[in-house]
$ cat upload02.pdb   # PDB, N, CA and C atoms
ATOM      1  N   LEU A1315       2.327 -15.315   5.190  1.00  0.00           N
ATOM      2  CA  LEU A1315       2.063 -15.148   3.768  1.00  0.00           C
ATOM      3  C   LEU A1315       0.738 -14.421   3.620  1.00  0.00           C
ATOM      4  N   GLN A1316       0.770 -13.291   3.024  1.00  0.00           N
ATOM      5  CA  GLN A1316      -0.418 -12.453   2.939  1.00  0.00           C
ATOM      6  C   GLN A1316      -1.557 -13.156   2.229  1.00  0.00           C
ATOM      7  N   GLY A1317      -1.300 -13.691   1.049  1.00  0.00           N
ATOM      8  CA  GLY A1317      -2.390 -14.296   0.301  1.00  0.00           C
ATOM      9  C   GLY A1317      -3.464 -13.276  -0.001  1.00  0.00           C
ATOM     10  N   ASP A1318      -4.708 -13.730  -0.004  1.00  0.00           N
ATOM     11  CA  ASP A1318      -5.798 -12.824  -0.353  1.00  0.00           C
ATOM     12  C   ASP A1318      -6.639 -12.426   0.855  1.00  0.00           C
ATOM     13  N   HIS A1319      -6.055 -12.486   2.057  1.00  0.00           N
ATOM     14  CA  HIS A1319      -6.771 -12.046   3.253  1.00  0.00           C
ATOM     15  C   HIS A1319      -7.050 -10.557   3.158  1.00  0.00           C
ATOM     16  N   ALA A1320      -8.211 -10.186   3.628  1.00  0.00           N
ATOM     17  CA  ALA A1320      -8.648  -8.790   3.482  1.00  0.00           C
ATOM     18  C   ALA A1320      -7.763  -7.793   4.219  1.00  0.00           C
ATOM     19  N   HIS A1321      -7.263  -8.175   5.395  1.00  0.00           N
ATOM     20  CA  HIS A1321      -6.456  -7.200   6.117  1.00  0.00           C
ATOM     21  C   HIS A1321      -5.454  -7.876   7.042  1.00  0.00           C
ATOM     22  N   THR A1322      -4.219  -7.666   6.740  1.00  0.00           N
ATOM     23  CA  THR A1322      -3.120  -7.984   7.631  1.00  0.00           C
ATOM     24  C   THR A1322      -2.390  -6.661   7.782  1.00  0.00           C
ATOM     25  N   PRO A1323      -2.411  -6.056   8.956  1.00  0.00           N
ATOM     26  CA  PRO A1323      -1.839  -4.715   9.119  1.00  0.00           C
ATOM     27  C   PRO A1323      -0.356  -4.640   8.744  1.00  0.00           C
ATOM     28  N   LEU A1324       0.053  -3.461   8.338  1.00  0.00           N
ATOM     29  CA  LEU A1324       1.469  -3.230   8.066  1.00  0.00           C
ATOM     30  C   LEU A1324       2.261  -3.358   9.358  1.00  0.00           C
ATOM     31  N   THR A1325       3.437  -3.890   9.231  1.00  0.00           N
ATOM     32  CA  THR A1325       4.367  -3.940  10.353  1.00  0.00           C
ATOM     33  C   THR A1325       5.102  -2.601  10.434  1.00  0.00           C
ATOM     34  N   ARG A1326       5.902  -2.435  11.475  1.00  0.00           N
ATOM     35  CA  ARG A1326       6.734  -1.223  11.554  1.00  0.00           C
ATOM     36  C   ARG A1326       7.645  -1.126  10.347  1.00  0.00           C
ATOM     37  N   ALA A1327       8.185  -2.262   9.934  1.00  0.00           N
ATOM     38  CA  ALA A1327       9.052  -2.275   8.741  1.00  0.00           C
ATOM     39  C   ALA A1327       8.256  -1.860   7.512  1.00  0.00           C
ATOM     40  N   GLY A1328       7.023  -2.331   7.410  1.00  0.00           N
ATOM     41  CA  GLY A1328       6.177  -1.958   6.278  1.00  0.00           C
ATOM     42  C   GLY A1328       5.884  -0.472   6.240  1.00  0.00           C
ATOM     43  N   PHE A1329       5.594   0.105   7.405  1.00  0.00           N
ATOM     44  CA  PHE A1329       5.380   1.549   7.470  1.00  0.00           C
ATOM     45  C   PHE A1329       6.650   2.301   7.084  1.00  0.00           C
ATOM     46  N   ALA A1330       7.789   1.828   7.547  1.00  0.00           N
ATOM     47  CA  ALA A1330       9.062   2.487   7.226  1.00  0.00           C
ATOM     48  C   ALA A1330       9.331   2.418   5.722  1.00  0.00           C
ATOM     49  N   GLN A1331       9.035   1.275   5.112  1.00  0.00           N
ATOM     50  CA  GLN A1331       9.241   1.135   3.669  1.00  0.00           C
ATOM     51  C   GLN A1331       8.301   2.062   2.895  1.00  0.00           C
ATOM     52  N   ALA A1332       7.048   2.145   3.308  1.00  0.00           N
ATOM     53  CA  ALA A1332       6.096   3.033   2.645  1.00  0.00           C
ATOM     54  C   ALA A1332       6.525   4.486   2.806  1.00  0.00           C
ATOM     55  N   ASP A1333       7.005   4.835   3.992  1.00  0.00           N
ATOM     56  CA  ASP A1333       7.472   6.188   4.256  1.00  0.00           C
ATOM     57  C   ASP A1333       8.651   6.543   3.355  1.00  0.00           C
ATOM     58  N   GLU A1334       9.584   5.636   3.227  1.00  0.00           N
ATOM     59  CA  GLU A1334      10.754   5.873   2.368  1.00  0.00           C
ATOM     60  C   GLU A1334      10.339   5.973   0.900  1.00  0.00           C
ATOM     61  N   MET A1335       9.398   5.133   0.479  1.00  0.00           N
ATOM     62  CA  MET A1335       8.899   5.192  -0.910  1.00  0.00           C
ATOM     63  C   MET A1335       8.226   6.537  -1.152  1.00  0.00           C
ATOM     64  N   GLY A1336       7.453   7.000  -0.181  1.00  0.00           N
ATOM     65  CA  GLY A1336       6.808   8.305  -0.310  1.00  0.00           C
ATOM     66  C   GLY A1336       7.816   9.427  -0.446  1.00  0.00           C
ATOM     67  N   ARG A1337       8.864   9.376   0.363  1.00  0.00           N
ATOM     68  CA  ARG A1337       9.922  10.394   0.272  1.00  0.00           C
ATOM     69  C   ARG A1337      10.595  10.369  -1.098  1.00  0.00           C
ATOM     70  N   ALA A1338      10.912   9.166  -1.574  1.00  0.00           N
ATOM     71  CA  ALA A1338      11.591   9.030  -2.872  1.00  0.00           C
ATOM     72  C   ALA A1338      10.702   9.532  -4.005  1.00  0.00           C
ATOM     73  N   LEU A1339       9.419   9.193  -3.955  1.00  0.00           N
ATOM     74  CA  LEU A1339       8.507   9.643  -5.007  1.00  0.00           C
ATOM     75  C   LEU A1339       8.320  11.152  -4.960  1.00  0.00           C
ATOM     76  N   ARG A1340       8.260  11.711  -3.764  1.00  0.00           N
ATOM     77  CA  ARG A1340       8.136  13.170  -3.626  1.00  0.00           C
ATOM     78  C   ARG A1340       9.354  13.852  -4.247  1.00  0.00           C
ATOM     79  N   GLU A1341      10.526  13.283  -4.023  1.00  0.00           N
ATOM     80  CA  GLU A1341      11.762  13.842  -4.585  1.00  0.00           C
ATOM     81  C   GLU A1341      11.733  13.808  -6.109  1.00  0.00           C
ATOM     82  N   LYS A1342      11.207  12.724  -6.677  1.00  0.00           N
ATOM     83  CA  LYS A1342      11.172  12.580  -8.146  1.00  0.00           C
ATOM     84  C   LYS A1342      10.002  13.321  -8.787  1.00  0.00           C
ATOM     85  N   LEU A1343       8.827  13.304  -8.136  1.00  0.00           N
ATOM     86  CA  LEU A1343       7.611  13.821  -8.758  1.00  0.00           C
ATOM     87  C   LEU A1343       7.167  15.179  -8.248  1.00  0.00           C
ATOM     88  N   GLY A1344       7.676  15.562  -7.071  1.00  0.00           N
ATOM     89  CA  GLY A1344       7.254  16.831  -6.480  1.00  0.00           C
ATOM     90  C   GLY A1344       5.888  16.705  -5.823  1.00  0.00           C
ATOM     91  N   PRO A1345       5.410  17.814  -5.255  1.00  0.00           N
ATOM     92  CA  PRO A1345       4.106  17.786  -4.598  1.00  0.00           C
ATOM     93  C   PRO A1345       2.951  17.779  -5.599  1.00  0.00           C
ATOM     94  N   ARG A1346       1.899  17.120  -5.229  1.00  0.00           N
ATOM     95  CA  ARG A1346       0.657  17.058  -6.010  1.00  0.00           C
ATOM     96  C   ARG A1346       0.853  16.699  -7.482  1.00  0.00           C
ATOM     97  N   PRO A1347       1.562  15.610  -7.780  1.00  0.00           N
ATOM     98  CA  PRO A1347       1.711  15.217  -9.183  1.00  0.00           C
ATOM     99  C   PRO A1347       0.361  14.761  -9.742  1.00  0.00           C
ATOM    100  N   PRO A1348       0.159  14.926 -11.048  1.00  0.00           N
ATOM    101  CA  PRO A1348      -1.126  14.539 -11.647  1.00  0.00           C
ATOM    102  C   PRO A1348      -1.217  13.017 -11.816  1.00  0.00           C
ATOM    103  N   LEU A1349      -1.538  12.338 -10.728  1.00  0.00           N
ATOM    104  CA  LEU A1349      -1.615  10.879 -10.738  1.00  0.00           C
ATOM    105  C   LEU A1349      -3.007  10.403 -10.377  1.00  0.00           C
ATOM    106  N   ALA A1350      -3.396   9.292 -10.939  1.00  0.00           N
ATOM    107  CA  ALA A1350      -4.591   8.584 -10.494  1.00  0.00           C
ATOM    108  C   ALA A1350      -4.093   7.500  -9.540  1.00  0.00           C
ATOM    109  N   LEU A1351      -4.601   7.495  -8.323  1.00  0.00           N
ATOM    110  CA  LEU A1351      -4.161   6.529  -7.329  1.00  0.00           C
ATOM    111  C   LEU A1351      -5.027   5.272  -7.389  1.00  0.00           C
ATOM    112  N   TRP A1352      -4.361   4.132  -7.487  1.00  0.00           N
ATOM    113  CA  TRP A1352      -5.030   2.837  -7.524  1.00  0.00           C
ATOM    114  C   TRP A1352      -4.383   1.923  -6.508  1.00  0.00           C
ATOM    115  N   ALA A1353      -5.169   1.047  -5.922  1.00  0.00           N
ATOM    116  CA  ALA A1353      -4.631   0.077  -4.970  1.00  0.00           C
ATOM    117  C   ALA A1353      -5.546  -1.136  -4.894  1.00  0.00           C
ATOM    118  N   SER A1354      -5.000  -2.176  -4.355  1.00  0.00           N
ATOM    119  CA  SER A1354      -5.796  -3.329  -3.963  1.00  0.00           C
ATOM    120  C   SER A1354      -6.725  -2.865  -2.841  1.00  0.00           C
ATOM    121  N   PRO A1355      -7.894  -3.474  -2.679  1.00  0.00           N
ATOM    122  CA  PRO A1355      -8.779  -3.090  -1.588  1.00  0.00           C
ATOM    123  C   PRO A1355      -8.359  -3.639  -0.224  1.00  0.00           C
ATOM    124  N   THR A1356      -7.246  -4.336  -0.155  1.00  0.00           N
ATOM    125  CA  THR A1356      -6.804  -4.877   1.128  1.00  0.00           C
ATOM    126  C   THR A1356      -6.315  -3.758   2.031  1.00  0.00           C
ATOM    127  N   GLY A1357      -6.465  -3.964   3.323  1.00  0.00           N
ATOM    128  CA  GLY A1357      -6.082  -2.956   4.297  1.00  0.00           C
ATOM    129  C   GLY A1357      -4.642  -2.520   4.202  1.00  0.00           C
ATOM    130  N   ARG A1358      -3.731  -3.483   4.066  1.00  0.00           N
ATOM    131  CA  ARG A1358      -2.312  -3.126   4.034  1.00  0.00           C
ATOM    132  C   ARG A1358      -1.958  -2.328   2.781  1.00  0.00           C
ATOM    133  N   ALA A1359      -2.609  -2.610   1.662  1.00  0.00           N
ATOM    134  CA  ALA A1359      -2.354  -1.830   0.442  1.00  0.00           C
ATOM    135  C   ALA A1359      -2.852  -0.396   0.628  1.00  0.00           C
ATOM    136  N   LEU A1360      -4.015  -0.257   1.261  1.00  0.00           N
ATOM    137  CA  LEU A1360      -4.550   1.080   1.500  1.00  0.00           C
ATOM    138  C   LEU A1360      -3.734   1.837   2.536  1.00  0.00           C
ATOM    139  N   GLN A1361      -3.204   1.141   3.525  1.00  0.00           N
ATOM    140  CA  GLN A1361      -2.312   1.787   4.496  1.00  0.00           C
ATOM    141  C   GLN A1361      -1.059   2.291   3.783  1.00  0.00           C
ATOM    142  N   THR A1362      -0.488   1.466   2.929  1.00  0.00           N
ATOM    143  CA  THR A1362       0.712   1.842   2.176  1.00  0.00           C
ATOM    144  C   THR A1362       0.426   3.054   1.303  1.00  0.00           C
ATOM    145  N   LEU A1363      -0.697   3.009   0.590  1.00  0.00           N
ATOM    146  CA  LEU A1363      -1.081   4.112  -0.280  1.00  0.00           C
ATOM    147  C   LEU A1363      -1.251   5.403   0.518  1.00  0.00           C
ATOM    148  N   ALA A1364      -1.868   5.317   1.691  1.00  0.00           N
ATOM    149  CA  ALA A1364      -2.102   6.509   2.507  1.00  0.00           C
ATOM    150  C   ALA A1364      -0.788   7.162   2.918  1.00  0.00           C
ATOM    151  N   VAL A1365       0.180   6.367   3.323  1.00  0.00           N
ATOM    152  CA  VAL A1365       1.486   6.905   3.736  1.00  0.00           C
ATOM    153  C   VAL A1365       2.163   7.594   2.556  1.00  0.00           C
ATOM    154  N   ILE A1366       2.170   6.946   1.416  1.00  0.00           N
ATOM    155  CA  ILE A1366       2.814   7.504   0.226  1.00  0.00           C
ATOM    156  C   ILE A1366       2.087   8.772  -0.235  1.00  0.00           C
ATOM    157  N   ALA A1367       0.756   8.730  -0.255  1.00  0.00           N
ATOM    158  CA  ALA A1367      -0.032   9.883  -0.712  1.00  0.00           C
ATOM    159  C   ALA A1367       0.206  11.104   0.165  1.00  0.00           C
ATOM    160  N   GLU A1368       0.417  10.901   1.453  1.00  0.00           N
ATOM    161  CA  GLU A1368       0.705  12.029   2.346  1.00  0.00           C
ATOM    162  C   GLU A1368       1.967  12.761   1.902  1.00  0.00           C
ATOM    163  N   HIS A1369       2.983  12.022   1.524  1.00  0.00           N
ATOM    164  CA  HIS A1369       4.220  12.650   1.045  1.00  0.00           C
ATOM    165  C   HIS A1369       3.990  13.434  -0.243  1.00  0.00           C
ATOM    166  N   LEU A1370       3.095  12.929  -1.084  1.00  0.00           N
ATOM    167  CA  LEU A1370       2.833  13.568  -2.371  1.00  0.00           C
ATOM    168  C   LEU A1370       1.760  14.646  -2.295  1.00  0.00           C
ATOM    169  N   GLU A1371       1.203  14.841  -1.099  1.00  0.00           N
ATOM    170  CA  GLU A1371       0.125  15.806  -0.889  1.00  0.00           C
ATOM    171  C   GLU A1371      -1.094  15.486  -1.759  1.00  0.00           C
ATOM    172  N   LEU A1372      -1.383  14.199  -1.865  1.00  0.00           N
ATOM    173  CA  LEU A1372      -2.552  13.735  -2.606  1.00  0.00           C
ATOM    174  C   LEU A1372      -3.569  13.161  -1.626  1.00  0.00           C
ATOM    175  N   ASP A1373      -4.836  13.239  -1.986  1.00  0.00           N
ATOM    176  CA  ASP A1373      -5.903  12.729  -1.137  1.00  0.00           C
ATOM    177  C   ASP A1373      -6.071  11.233  -1.384  1.00  0.00           C
ATOM    178  N   TRP A1374      -5.593  10.443  -0.437  1.00  0.00           N
ATOM    179  CA  TRP A1374      -5.680   8.993  -0.628  1.00  0.00           C
ATOM    180  C   TRP A1374      -7.118   8.498  -0.559  1.00  0.00           C
ATOM    181  N   HIS A1375      -8.027   9.305  -0.020  1.00  0.00           N
ATOM    182  CA  HIS A1375      -9.439   8.916  -0.004  1.00  0.00           C
ATOM    183  C   HIS A1375     -10.008   8.851  -1.423  1.00  0.00           C
ATOM    184  N   ALA A1376      -9.380   9.547  -2.352  1.00  0.00           N
ATOM    185  CA  ALA A1376      -9.842   9.556  -3.742  1.00  0.00           C
ATOM    186  C   ALA A1376      -9.307   8.367  -4.532  1.00  0.00           C
ATOM    187  N   ALA A1377      -8.493   7.555  -3.906  1.00  0.00           N
ATOM    188  CA  ALA A1377      -7.916   6.396  -4.606  1.00  0.00           C
ATOM    189  C   ALA A1377      -9.003   5.420  -5.022  1.00  0.00           C
ATOM    190  N   ARG A1378      -8.770   4.803  -6.133  1.00  0.00           N
ATOM    191  CA  ARG A1378      -9.686   3.769  -6.615  1.00  0.00           C
ATOM    192  C   ARG A1378      -9.092   2.415  -6.289  1.00  0.00           C
ATOM    193  N   THR A1379      -9.940   1.456  -6.045  1.00  0.00           N
ATOM    194  CA  THR A1379      -9.476   0.110  -5.747  1.00  0.00           C
ATOM    195  C   THR A1379      -9.946  -0.860  -6.824  1.00  0.00           C
ATOM    196  N   ASP A1380      -9.192  -1.917  -6.972  1.00  0.00           N
ATOM    197  CA  ASP A1380      -9.523  -2.951  -7.946  1.00  0.00           C
ATOM    198  C   ASP A1380      -9.126  -4.290  -7.336  1.00  0.00           C
ATOM    199  N   SER A1381     -10.066  -5.179  -7.191  1.00  0.00           N
ATOM    200  CA  SER A1381      -9.798  -6.481  -6.575  1.00  0.00           C
ATOM    201  C   SER A1381      -8.823  -7.325  -7.383  1.00  0.00           C
ATOM    202  N   ARG A1382      -8.612  -6.976  -8.642  1.00  0.00           N
ATOM    203  CA  ARG A1382      -7.627  -7.712  -9.446  1.00  0.00           C
ATOM    204  C   ARG A1382      -6.201  -7.449  -8.974  1.00  0.00           C
ATOM    205  N   LEU A1383      -6.012  -6.438  -8.132  1.00  0.00           N
ATOM    206  CA  LEU A1383      -4.686  -6.122  -7.603  1.00  0.00           C
ATOM    207  C   LEU A1383      -4.380  -6.860  -6.300  1.00  0.00           C
ATOM    208  N   VAL A1384      -5.345  -7.629  -5.789  1.00  0.00           N
ATOM    209  CA  VAL A1384      -5.134  -8.403  -4.568  1.00  0.00           C
ATOM    210  C   VAL A1384      -4.074  -9.463  -4.826  1.00  0.00           C
ATOM    211  N   GLU A1385      -3.269  -9.729  -3.795  1.00  0.00           N
ATOM    212  CA  GLU A1385      -2.231 -10.750  -3.935  1.00  0.00           C
ATOM    213  C   GLU A1385      -2.863 -12.103  -4.227  1.00  0.00           C
ATOM    214  N   ILE A1386      -2.077 -12.986  -4.789  1.00  0.00           N
ATOM    215  CA  ILE A1386      -2.604 -14.293  -5.163  1.00  0.00           C
ATOM    216  C   ILE A1386      -2.989 -15.111  -3.938  1.00  0.00           C
ATOM    217  N   ASP A1387      -3.938 -16.000  -4.122  1.00  0.00           N
ATOM    218  CA  ASP A1387      -4.386 -16.887  -3.051  1.00  0.00           C
ATOM    219  C   ASP A1387      -3.278 -17.880  -2.732  1.00  0.00           C
ATOM    220  N   MET A1388      -3.002 -18.030  -1.451  1.00  0.00           N
ATOM    221  CA  MET A1388      -1.951 -18.954  -1.009  1.00  0.00           C
ATOM    222  C   MET A1388      -2.539 -20.256  -0.472  1.00  0.00           C
ATOM    223  N   GLY A1389      -3.832 -20.465  -0.690  1.00  0.00           N
ATOM    224  CA  GLY A1389      -4.463 -21.692  -0.219  1.00  0.00           C
ATOM    225  C   GLY A1389      -4.384 -21.804   1.295  1.00  0.00           C
ATOM    226  N   ALA A1390      -4.070 -22.999   1.787  1.00  0.00           N
ATOM    227  CA  ALA A1390      -3.982 -23.240   3.242  1.00  0.00           C
ATOM    228  C   ALA A1390      -2.851 -22.458   3.884  1.00  0.00           C
ATOM    229  N   TRP A1391      -1.922 -21.938   3.103  1.00  0.00           N
ATOM    230  CA  TRP A1391      -0.803 -21.172   3.646  1.00  0.00           C
ATOM    231  C   TRP A1391      -1.182 -19.714   3.906  1.00  0.00           C
ATOM    232  N   GLY A1392      -2.300 -19.261   3.365  1.00  0.00           N
ATOM    233  CA  GLY A1392      -2.708 -17.873   3.503  1.00  0.00           C
ATOM    234  C   GLY A1392      -2.804 -17.434   4.947  1.00  0.00           C
ATOM    235  N   GLY A1393      -2.224 -16.273   5.251  1.00  0.00           N
ATOM    236  CA  GLY A1393      -2.276 -15.703   6.585  1.00  0.00           C
ATOM    237  C   GLY A1393      -1.271 -16.297   7.550  1.00  0.00           C
ATOM    238  N   ARG A1394      -0.451 -17.222   7.102  1.00  0.00           N
ATOM    239  CA  ARG A1394       0.535 -17.845   7.985  1.00  0.00           C
ATOM    240  C   ARG A1394       1.865 -17.098   7.879  1.00  0.00           C
ATOM    241  N   TYR A1395       2.696 -17.349   8.859  1.00  0.00           N
ATOM    242  CA  TYR A1395       4.041 -16.767   8.871  1.00  0.00           C
ATOM    243  C   TYR A1395       5.044 -17.759   8.299  1.00  0.00           C
ATOM    244  N   TYR A1396       6.152 -17.267   7.777  1.00  0.00           N
ATOM    245  CA  TYR A1396       7.169 -18.150   7.224  1.00  0.00           C
ATOM    246  C   TYR A1396       7.668 -19.157   8.241  1.00  0.00           C
ATOM    247  N   ALA A1397       7.818 -18.717   9.482  1.00  0.00           N
ATOM    248  CA  ALA A1397       8.316 -19.635  10.528  1.00  0.00           C
ATOM    249  C   ALA A1397       7.347 -20.790  10.705  1.00  0.00           C
TER     250      ALA A1397
END
$ encode --input "upload02.pdb" --output "structure tokens"
Amino acid sequence: LQGDHAHTPLTRAGFAQADEMGRALREKLGPRPPLALWASPTGRALQTLAVIAEHLELDWHAARTDSRLVEIDMGAWGGRYYA
């Protein structure tokens, strides 16, 4: 459970999902759409944003972060696996 931990890296499945989302958005929006990029400051959110931004030919370094976008705190369950 991700919770509000600063960084839990994307899994291979997570990278594949971000890659597919980037492809789909590129198909709908085209290259370099006029978007402001925002993300949670967590590592996995920034990894996801970077993959998607590459498809859109946008500079993910220009993305803004907001801690209000961090996932909710899971208490003692934070950072644990479902198993």
$ atom_distance --input "upload02.pdb" --atom1 "atom CA of A:Arg1358" --atom2 "atom CA of A:Ala1332"
10.5 Å
$ resolve_selection --input "upload02.pdb" --expression "the PyMOL selection byres (((chain A and resi 1345 and name CA) around 9) and name CA)" --output "JSON, numbers by chain"
{"A": [1340, 1341, 1343, 1344, 1346, 1347, 1369, 1370, 1371, 1372]}
$ write_last_selection --input "upload02.pdb" --atoms "N, CA and C atoms" --output "short mmCIF file (atom, residue, chain, number, x, y, z; two decimals), in the frame of the given file"
data_model
loop_
_atom_site.label_atom_id
_atom_site.label_comp_id
_atom_site.auth_asym_id
_atom_site.auth_seq_id
_atom_site.Cartn_x
_atom_site.Cartn_y
_atom_site.Cartn_z
N ARG A 1340 8.26 11.71 -3.76
CA ARG A 1340 8.14 13.17 -3.63
C ARG A 1340 9.35 13.85 -4.25
N GLU A 1341 10.53 13.28 -4.02
CA GLU A 1341 11.76 13.84 -4.58
C GLU A 1341 11.73 13.81 -6.11
N LEU A 1343 8.83 13.30 -8.14
CA LEU A 1343 7.61 13.82 -8.76
C LEU A 1343 7.17 15.18 -8.25
N GLY A 1344 7.68 15.56 -7.07
CA GLY A 1344 7.25 16.83 -6.48
C GLY A 1344 5.89 16.70 -5.82
N ARG A 1346 1.90 17.12 -5.23
CA ARG A 1346 0.66 17.06 -6.01
C ARG A 1346 0.85 16.70 -7.48
N PRO A 1347 1.56 15.61 -7.78
CA PRO A 1347 1.71 15.22 -9.18
C PRO A 1347 0.36 14.76 -9.74
N HIS A 1369 2.98 12.02 1.52
CA HIS A 1369 4.22 12.65 1.04
C HIS A 1369 3.99 13.43 -0.24
N LEU A 1370 3.10 12.93 -1.08
CA LEU A 1370 2.83 13.57 -2.37
C LEU A 1370 1.76 14.65 -2.30
N GLU A 1371 1.20 14.84 -1.10
CA GLU A 1371 0.12 15.81 -0.89
C GLU A 1371 -1.09 15.49 -1.76
N LEU A 1372 -1.38 14.20 -1.86
CA LEU A 1372 -2.55 13.74 -2.61
C LEU A 1372 -3.57 13.16 -1.63
#
$ residues_around --input "upload02.pdb" --residues "A:Leu1360" --least-positions-apart "3" --cutoff "10 Å" --atoms "only C-alpha atoms" --output "PyMOL selection string"
chain A and resi 1321+1323-1324+1352-1357+1363-1366+1374-1375+1377-1379
$ axis_aligned_box --input "upload02.pdb" --around "stretch 1376-1380 of chain A" --padding-each-side "3 Å" --output "lines of an AutoDock Vina configuration file"
center_x = -8.9
center_y = 2.6
center_z = -5.1
size_x = 8.0
size_y = 19.8
size_z = 11.6
$ select_by_dssp --input "upload02.pdb" --residues "chain A" --states "strand (DSSP E)" --output "list in words"
Trp1352, Ala1353, Arg1378 and Thr1379 of chain A
$ atom_distance --input "upload02.pdb" --atom1 "atom CA of A:Ala1338" --atom2 "atom C of A:Leu1383"
22.8 Å
$ atom_distance --input "upload02.pdb" --atom1 "atom C of A:Tyr1396" --atom2 "atom C of A:Asp1380"
27.3 Å
$ residues_around --input "upload02.pdb" --residues "A:Gln1331" --least-positions-apart "5" --cutoff "9 Å" --atoms "only C-alpha atoms" --output "VMD selection string"
chain A and resid 1326 1336 1362
